[in-house]
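Below: one structure, written as structure tokens.
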Amino acid sequence: MTGGMPGPAPDERMRPKGRRNTQGIRVDPEAEVTHEPRQAVLSALVKHRPGVLSEVSALFSRRQFNIESLTVGPTVDDDTARMTILIEEPEPGIDQAKKQLQKLVPVISVRELEGEAVRRELALVKVSGEKPDDVNAVADMYNGQAVDASTDSVTVEITGSKQKIDAAIEAFKQFDVQEIVRTGAAALERGPKTLEKDV
């Protein structure tokens, strides 16, 4: 080439493979992939101290992660607590949630639990007390029990998977459901693996 910049002519230059947009900029195929949201259970071991829950909640709020439920409680060590966080996000969002959680100072370790992990939830369902025998019969179907009863209402406790809780609540609707409280999911890995052993 003469009379210009040194180098090969335009039609002789190497061009990276891949699709380009209207401006001629190469498009990363991975960036164009559409990821469907899925549910993930994150188990986090955190320092048991005031303000940890607010720090984690603030993180998820800032990043606009979709939290389905969040539970927290003590562990075998008085200095640590375990958080079980159920989120529904596309795959990149789930990875980002784990990375952002790990960066928080109070967080000791984070793991996404496998799909076969043991997951349980507790619900208290308050219904009309007009038919207490029928209410108890439905509670028995779901291995529940009445924990409070009066002439006006009956409160039933149900423990189990989310699907079981959903089905029980649907069955109790025939008795005029007045209030529902659900704890959210608590979960542990099956087998000998523990989050504490990863620390």
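So you can find residues: chains in the structure tokens are A, B, ... in the order shown, residues in each start at 1, and ligands are numbered from 1 in order.
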Exercise for the section: Determine which residues of region 34-197 of chain A receive a DSSP assignment of alpha helix (DSSP H), computed from the backbone, and state them as a VMD selection string. Expected result: chain A and resid 52 to 63 91 to 103 132 to 141 162 to 172
Exercise for the section: Quick one: everything within 9 Å of Arg182 (chain A), counting only C-alpha atoms, minus sequence neighbours fewer than 6 positions away in the same chain. Send it as an MDAnalysis selection string. Expected result: chainID A and resid 121:125 165
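You will find CA of Asp77 (chain A) at 14.0 Å from CA of Ala44 (chain A).
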Handout entry: Distance criterion (only C-alpha atoms): nearest to Glu112 (chain A) out of A:Ser153, A:Thr75, A:Ser128, A:Ser43
Key = A:Ser43
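Between CA of Ser150 (chain A) and CA of Gln163 (chain A) lies a distance of 28.5 Å.
Picture a line from CA of Met83 (chain A) to CA of Gly160 (chain A); it runs 18.5 Å.
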At a cut-off of 12 Å, using only C-alpha atoms, what residues contact region 129-142 of chain A? Leave out same-chain residues fewer than 5 positions from it and give the result as a PDB file with N, CA, C and O atoms, in the first residue's frame.
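Wrote part11.pdb, looks like this:
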```pdb
ATOM      1  N   ALA A 123     -46.378 -22.643  58.443  1.00  0.00           N
ATOM      2  CA  ALA A 123     -47.449 -21.667  58.220  1.00  0.00           C
ATOM      3  C   ALA A 123     -48.475 -21.767  59.332  1.00  0.00           C
ATOM      4  O   ALA A 123     -48.786 -22.859  59.816  1.00  0.00           O
ATOM      5  N   LEU A 124     -48.972 -20.622  59.761  1.00  0.00           N
ATOM      6  CA  LEU A 124     -50.106 -20.542  60.677  1.00  0.00           C
ATOM      7  C   LEU A 124     -51.279 -19.983  59.895  1.00  0.00           C
ATOM      8  O   LEU A 124     -51.174 -18.915  59.277  1.00  0.00           O
ATOM      9  N   VAL A 147     -53.578 -25.044  66.927  1.00  0.00           N
ATOM     10  CA  VAL A 147     -52.777 -24.514  68.027  1.00  0.00           C
ATOM     11  C   VAL A 147     -53.543 -23.451  68.815  1.00  0.00           C
ATOM     12  O   VAL A 147     -53.089 -23.016  69.870  1.00  0.00           O
ATOM     13  N   ASP A 148     -54.710 -23.070  68.308  1.00  0.00           N
ATOM     14  CA  ASP A 148     -55.561 -22.125  69.031  1.00  0.00           C
ATOM     15  C   ASP A 148     -56.980 -22.281  68.501  1.00  0.00           C
ATOM     16  O   ASP A 148     -57.180 -22.470  67.296  1.00  0.00           O
ATOM     17  N   ALA A 149     -57.961 -22.222  69.397  1.00  0.00           N
ATOM     18  CA  ALA A 149     -59.356 -22.371  68.980  1.00  0.00           C
ATOM     19  C   ALA A 149     -60.258 -21.543  69.884  1.00  0.00           C
ATOM     20  O   ALA A 149     -60.033 -21.438  71.088  1.00  0.00           O
ATOM     21  N   SER A 150     -61.268 -20.951  69.271  1.00  0.00           N
ATOM     22  CA  SER A 150     -62.299 -20.217  70.004  1.00  0.00           C
ATOM     23  C   SER A 150     -63.609 -20.407  69.253  1.00  0.00           C
ATOM     24  O   SER A 150     -63.649 -21.088  68.216  1.00  0.00           O
ATOM     25  N   THR A 151     -64.661 -19.800  69.738  1.00  0.00           N
ATOM     26  CA  THR A 151     -65.947 -19.932  69.045  1.00  0.00           C
ATOM     27  C   THR A 151     -65.928 -19.220  67.698  1.00  0.00           C
ATOM     28  O   THR A 151     -66.722 -19.549  66.815  1.00  0.00           O
ATOM     29  N   ASP A 152     -65.017 -18.266  67.540  1.00  0.00           N
ATOM     30  CA  ASP A 152     -64.986 -17.472  66.304  1.00  0.00           C
ATOM     31  C   ASP A 152     -63.928 -17.912  65.308  1.00  0.00           C
ATOM     32  O   ASP A 152     -64.056 -17.650  64.103  1.00  0.00           O
ATOM     33  N   SER A 153     -62.858 -18.544  65.775  1.00  0.00           N
ATOM     34  CA  SER A 153     -61.768 -18.880  64.860  1.00  0.00           C
ATOM     35  C   SER A 153     -60.980 -20.088  65.346  1.00  0.00           C
ATOM     36  O   SER A 153     -61.003 -20.439  66.522  1.00  0.00           O
ATOM     37  N   VAL A 154     -60.261 -20.696  64.385  1.00  0.00           N
ATOM     38  CA  VAL A 154     -59.337 -21.793  64.671  1.00  0.00           C
ATOM     39  C   VAL A 154     -58.034 -21.486  63.939  1.00  0.00           C
ATOM     40  O   VAL A 154     -58.050 -21.129  62.760  1.00  0.00           O
ATOM     41  N   THR A 155     -56.906 -21.602  64.650  1.00  0.00           N
ATOM     42  CA  THR A 155     -55.598 -21.400  64.028  1.00  0.00           C
ATOM     43  C   THR A 155     -54.891 -22.743  63.924  1.00  0.00           C
ATOM     44  O   THR A 155     -54.759 -23.468  64.913  1.00  0.00           O
ATOM     45  N   VAL A 156     -54.451 -23.057  62.709  1.00  0.00           N
ATOM     46  CA  VAL A 156     -53.832 -24.354  62.420  1.00  0.00           C
ATOM     47  C   VAL A 156     -52.374 -24.142  62.034  1.00  0.00           C
ATOM     48  O   VAL A 156     -52.036 -23.192  61.315  1.00  0.00           O
ATOM     49  N   GLU A 157     -51.517 -25.039  62.509  1.00  0.00           N
ATOM     50  CA  GLU A 157     -50.094 -25.016  62.153  1.00  0.00           C
ATOM     51  C   GLU A 157     -49.817 -26.124  61.145  1.00  0.00           C
ATOM     52  O   GLU A 157     -50.167 -27.286  61.361  1.00  0.00           O
ATOM     53  N   ILE A 158     -49.166 -25.742  60.040  1.00  0.00           N
ATOM     54  CA  ILE A 158     -48.796 -26.701  58.994  1.00  0.00           C
ATOM     55  C   ILE A 158     -47.303 -26.559  58.735  1.00  0.00           C
ATOM     56  O   ILE A 158     -46.791 -25.442  58.600  1.00  0.00           O
ATOM     57  N   THR A 159     -46.603 -27.684  58.658  1.00  0.00           N
ATOM     58  CA  THR A 159     -45.168 -27.676  58.349  1.00  0.00           C
ATOM     59  C   THR A 159     -44.907 -28.603  57.173  1.00  0.00           C
ATOM     60  O   THR A 159     -45.459 -29.706  57.111  1.00  0.00           O
ATOM     61  N   GLY A 160     -44.054 -28.144  56.246  1.00  0.00           N
ATOM     62  CA  GLY A 160     -43.728 -28.996  55.114  1.00  0.00           C
ATOM     63  C   GLY A 160     -43.130 -28.211  53.969  1.00  0.00           C
ATOM     64  O   GLY A 160     -42.648 -27.086  54.145  1.00  0.00           O
ATOM     65  N   SER A 161     -43.168 -28.797  52.779  1.00  0.00           N
ATOM     66  CA  SER A 161     -42.636 -28.132  51.590  1.00  0.00           C
ATOM     67  C   SER A 161     -43.558 -26.995  51.172  1.00  0.00           C
ATOM     68  O   SER A 161     -44.713 -26.900  51.618  1.00  0.00           O
ATOM     69  N   GLN A 163     -44.963 -26.634  48.358  1.00  0.00           N
ATOM     70  CA  GLN A 163     -46.106 -27.194  47.646  1.00  0.00           C
ATOM     71  C   GLN A 163     -47.180 -27.688  48.614  1.00  0.00           C
ATOM     72  O   GLN A 163     -48.376 -27.490  48.392  1.00  0.00           O
ATOM     73  N   LYS A 164     -46.741 -28.310  49.704  1.00  0.00           N
ATOM     74  CA  LYS A 164     -47.688 -28.801  50.712  1.00  0.00           C
ATOM     75  C   LYS A 164     -48.407 -27.638  51.387  1.00  0.00           C
ATOM     76  O   LYS A 164     -49.630 -27.679  51.589  1.00  0.00           O
ATOM     77  N   ILE A 165     -47.666 -26.587  51.730  1.00  0.00           N
ATOM     78  CA  ILE A 165     -48.273 -25.415  52.368  1.00  0.00           C
ATOM     79  C   ILE A 165     -49.284 -24.764  51.429  1.00  0.00           C
ATOM     80  O   ILE A 165     -50.401 -24.406  51.841  1.00  0.00           O
ATOM     81  N   ASP A 166     -48.903 -24.623  50.167  1.00  0.00           N
ATOM     82  CA  ASP A 166     -49.814 -24.020  49.180  1.00  0.00           C
ATOM     83  C   ASP A 166     -51.109 -24.820  49.070  1.00  0.00           C
ATOM     84  O   ASP A 166     -52.205 -24.252  49.024  1.00  0.00           O
ATOM     85  N   ALA A 167     -50.971 -26.148  49.019  1.00  0.00           N
ATOM     86  CA  ALA A 167     -52.147 -27.014  48.890  1.00  0.00           C
ATOM     87  C   ALA A 167     -53.031 -26.928  50.130  1.00  0.00           C
ATOM     88  O   ALA A 167     -54.268 -26.891  50.029  1.00  0.00           O
ATOM     89  N   ALA A 168     -52.416 -26.877  51.312  1.00  0.00           N
ATOM     90  CA  ALA A 168     -53.186 -26.793  52.551  1.00  0.00           C
ATOM     91  C   ALA A 168     -53.968 -25.484  52.622  1.00  0.00           C
ATOM     92  O   ALA A 168     -55.152 -25.464  52.982  1.00  0.00           O
ATOM     93  N   ILE A 169     -53.325 -24.397  52.270  1.00  0.00           N
ATOM     94  CA  ILE A 169     -54.003 -23.092  52.295  1.00  0.00           C
ATOM     95  C   ILE A 169     -55.181 -23.086  51.334  1.00  0.00           C
ATOM     96  O   ILE A 169     -56.256 -22.564  51.638  1.00  0.00           O
ATOM     97  N   GLU A 170     -54.981 -23.692  50.179  1.00  0.00           N
ATOM     98  CA  GLU A 170     -56.080 -23.774  49.204  1.00  0.00           C
ATOM     99  C   GLU A 170     -57.253 -24.560  49.795  1.00  0.00           C
ATOM    100  O   GLU A 170     -58.414 -24.185  49.617  1.00  0.00           O
ATOM    101  N   ALA A 171     -56.961 -25.640  50.513  1.00  0.00           N
ATOM    102  CA  ALA A 171     -58.015 -26.466  51.119  1.00  0.00           C
ATOM    103  C   ALA A 171     -58.747 -25.724  52.235  1.00  0.00           C
ATOM    104  O   ALA A 171     -59.959 -25.892  52.425  1.00  0.00           O
ATOM    105  N   PHE A 172     -58.017 -24.872  52.978  1.00  0.00           N
ATOM    106  CA  PHE A 172     -58.628 -24.142  54.092  1.00  0.00           C
ATOM    107  C   PHE A 172     -59.501 -22.973  53.634  1.00  0.00           C
ATOM    108  O   PHE A 172     -60.260 -22.417  54.445  1.00  0.00           O
ATOM    109  N   LYS A 173     -59.433 -22.610  52.368  1.00  0.00           N
ATOM    110  CA  LYS A 173     -60.216 -21.475  51.875  1.00  0.00           C
ATOM    111  C   LYS A 173     -61.727 -21.699  52.017  1.00  0.00           C
ATOM    112  O   LYS A 173     -62.501 -20.749  52.080  1.00  0.00           O
ATOM    113  N   GLN A 174     -62.131 -22.957  52.087  1.00  0.00           N
ATOM    114  CA  GLN A 174     -63.562 -23.243  52.235  1.00  0.00           C
ATOM    115  C   GLN A 174     -64.089 -22.821  53.610  1.00  0.00           C
ATOM    116  O   GLN A 174     -65.296 -22.727  53.821  1.00  0.00           O
ATOM    117  N   PHE A 175     -63.168 -22.542  54.548  1.00  0.00           N
ATOM    118  CA  PHE A 175     -63.575 -22.147  55.900  1.00  0.00           C
ATOM    119  C   PHE A 175     -63.387 -20.653  56.163  1.00  0.00           C
ATOM    120  O   PHE A 175     -63.362 -20.227  57.307  1.00  0.00           O
ATOM    121  N   ASP A 176     -63.237 -19.870  55.130  1.00  0.00           N
ATOM    122  CA  ASP A 176     -63.051 -18.424  55.264  1.00  0.00           C
ATOM    123  C   ASP A 176     -61.742 -18.106  55.974  1.00  0.00           C
ATOM    124  O   ASP A 176     -61.702 -17.849  57.185  1.00  0.00           O
ATOM    125  N   VAL A 177     -60.648 -18.132  55.214  1.00  0.00           N
ATOM    126  CA  VAL A 177     -59.324 -17.832  55.761  1.00  0.00           C
ATOM    127  C   VAL A 177     -59.273 -16.366  56.200  1.00  0.00           C
ATOM    128  O   VAL A 177     -59.538 -15.458  55.419  1.00  0.00           O
ATOM    129  N   GLN A 178     -58.902 -16.142  57.461  1.00  0.00           N
ATOM    130  CA  GLN A 178     -58.850 -14.787  58.011  1.00  0.00           C
ATOM    131  C   GLN A 178     -57.439 -14.219  58.035  1.00  0.00           C
ATOM    132  O   GLN A 178     -57.241 -13.033  57.820  1.00  0.00           O
TER     133      GLN A 178
END
```
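Proximity ranking of A:Ile108, A:Ala146, A:Val127, A:Ala117 relative to Asp79 (chain A) places A:Ile108 first, based on only C-alpha atoms.
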Handout entry: Those in region 28-190 of chain A with strand (DSSP E or B) from DSSP, as an MDAnalysis selection string
Key = chainID A and resid 38:47 67:74 80:89 107:112 118:128 145:149 153:160 177:182 186:188
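Proximity of A:Arg38, A:Gly184, A:Glu12, A:Val52 to Asp95 (chain A), computed with only C-alpha atoms, is greatest for A:Arg38.
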Practice task
Give me the residues within 8 Å of Ala185 (chain A) as a list in words, counting only C-alpha atoms and dropping any in the same chain fewer than 5 places off.
Solution key: Ser69, Leu70, Thr71, Thr84, Ile85, Leu86, Arg119, Arg120, Glu121 and Lys162 of chain A
Find the spatial neighbours of Ser109 (chain A), counting only C-alpha atoms, within a cut-off of 10 Å - ignore same-chain residues fewer than 2 positions away - and output them as a PDB file with C-alpha atoms, in the first residue's frame.
```
ATOM      1  CA  SER A  43     -27.452 -20.572  52.400  1.00  0.00           C
ATOM      2  CA  ALA A  44     -25.191 -18.021  54.082  1.00  0.00           C
ATOM      3  CA  LEU A  45     -23.218 -18.347  57.295  1.00  0.00           C
ATOM      4  CA  VAL A  46     -22.907 -14.896  58.888  1.00  0.00           C
ATOM      5  CA  ARG A  82     -27.492 -18.973  59.188  1.00  0.00           C
ATOM      6  CA  LYS A  98     -23.716 -14.976  45.562  1.00  0.00           C
ATOM      7  CA  LEU A 101     -23.149 -11.578  49.450  1.00  0.00           C
ATOM      8  CA  GLN A 102     -19.631 -12.967  49.783  1.00  0.00           C
ATOM      9  CA  LYS A 103     -18.211  -9.423  49.723  1.00  0.00           C
ATOM     10  CA  LEU A 104     -20.124  -8.339  52.822  1.00  0.00           C
ATOM     11  CA  PRO A 106     -20.367 -10.098  58.222  1.00  0.00           C
ATOM     12  CA  VAL A 107     -20.774 -12.968  55.705  1.00  0.00           C
ATOM     13  CA  ARG A 111     -23.484 -21.673  49.038  1.00  0.00           C
ATOM     14  CA  LEU A 195     -21.850 -25.123  55.476  1.00  0.00           C
ATOM     15  CA  GLU A 196     -19.731 -24.890  58.639  1.00  0.00           C
ATOM     16  CA  ASP A 198     -16.587 -25.261  54.233  1.00  0.00           C
ATOM     17  CA  VAL A 199     -15.262 -22.411  56.401  1.00  0.00           C
TER      18      VAL A 199
END
```
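The shortest atom-to-atom distance to Pro37 (chain A), with only C-alpha atoms taken into account, belongs to A:Phe65 out of A:Phe65, A:Gly73, A:Val105, A:Leu188.
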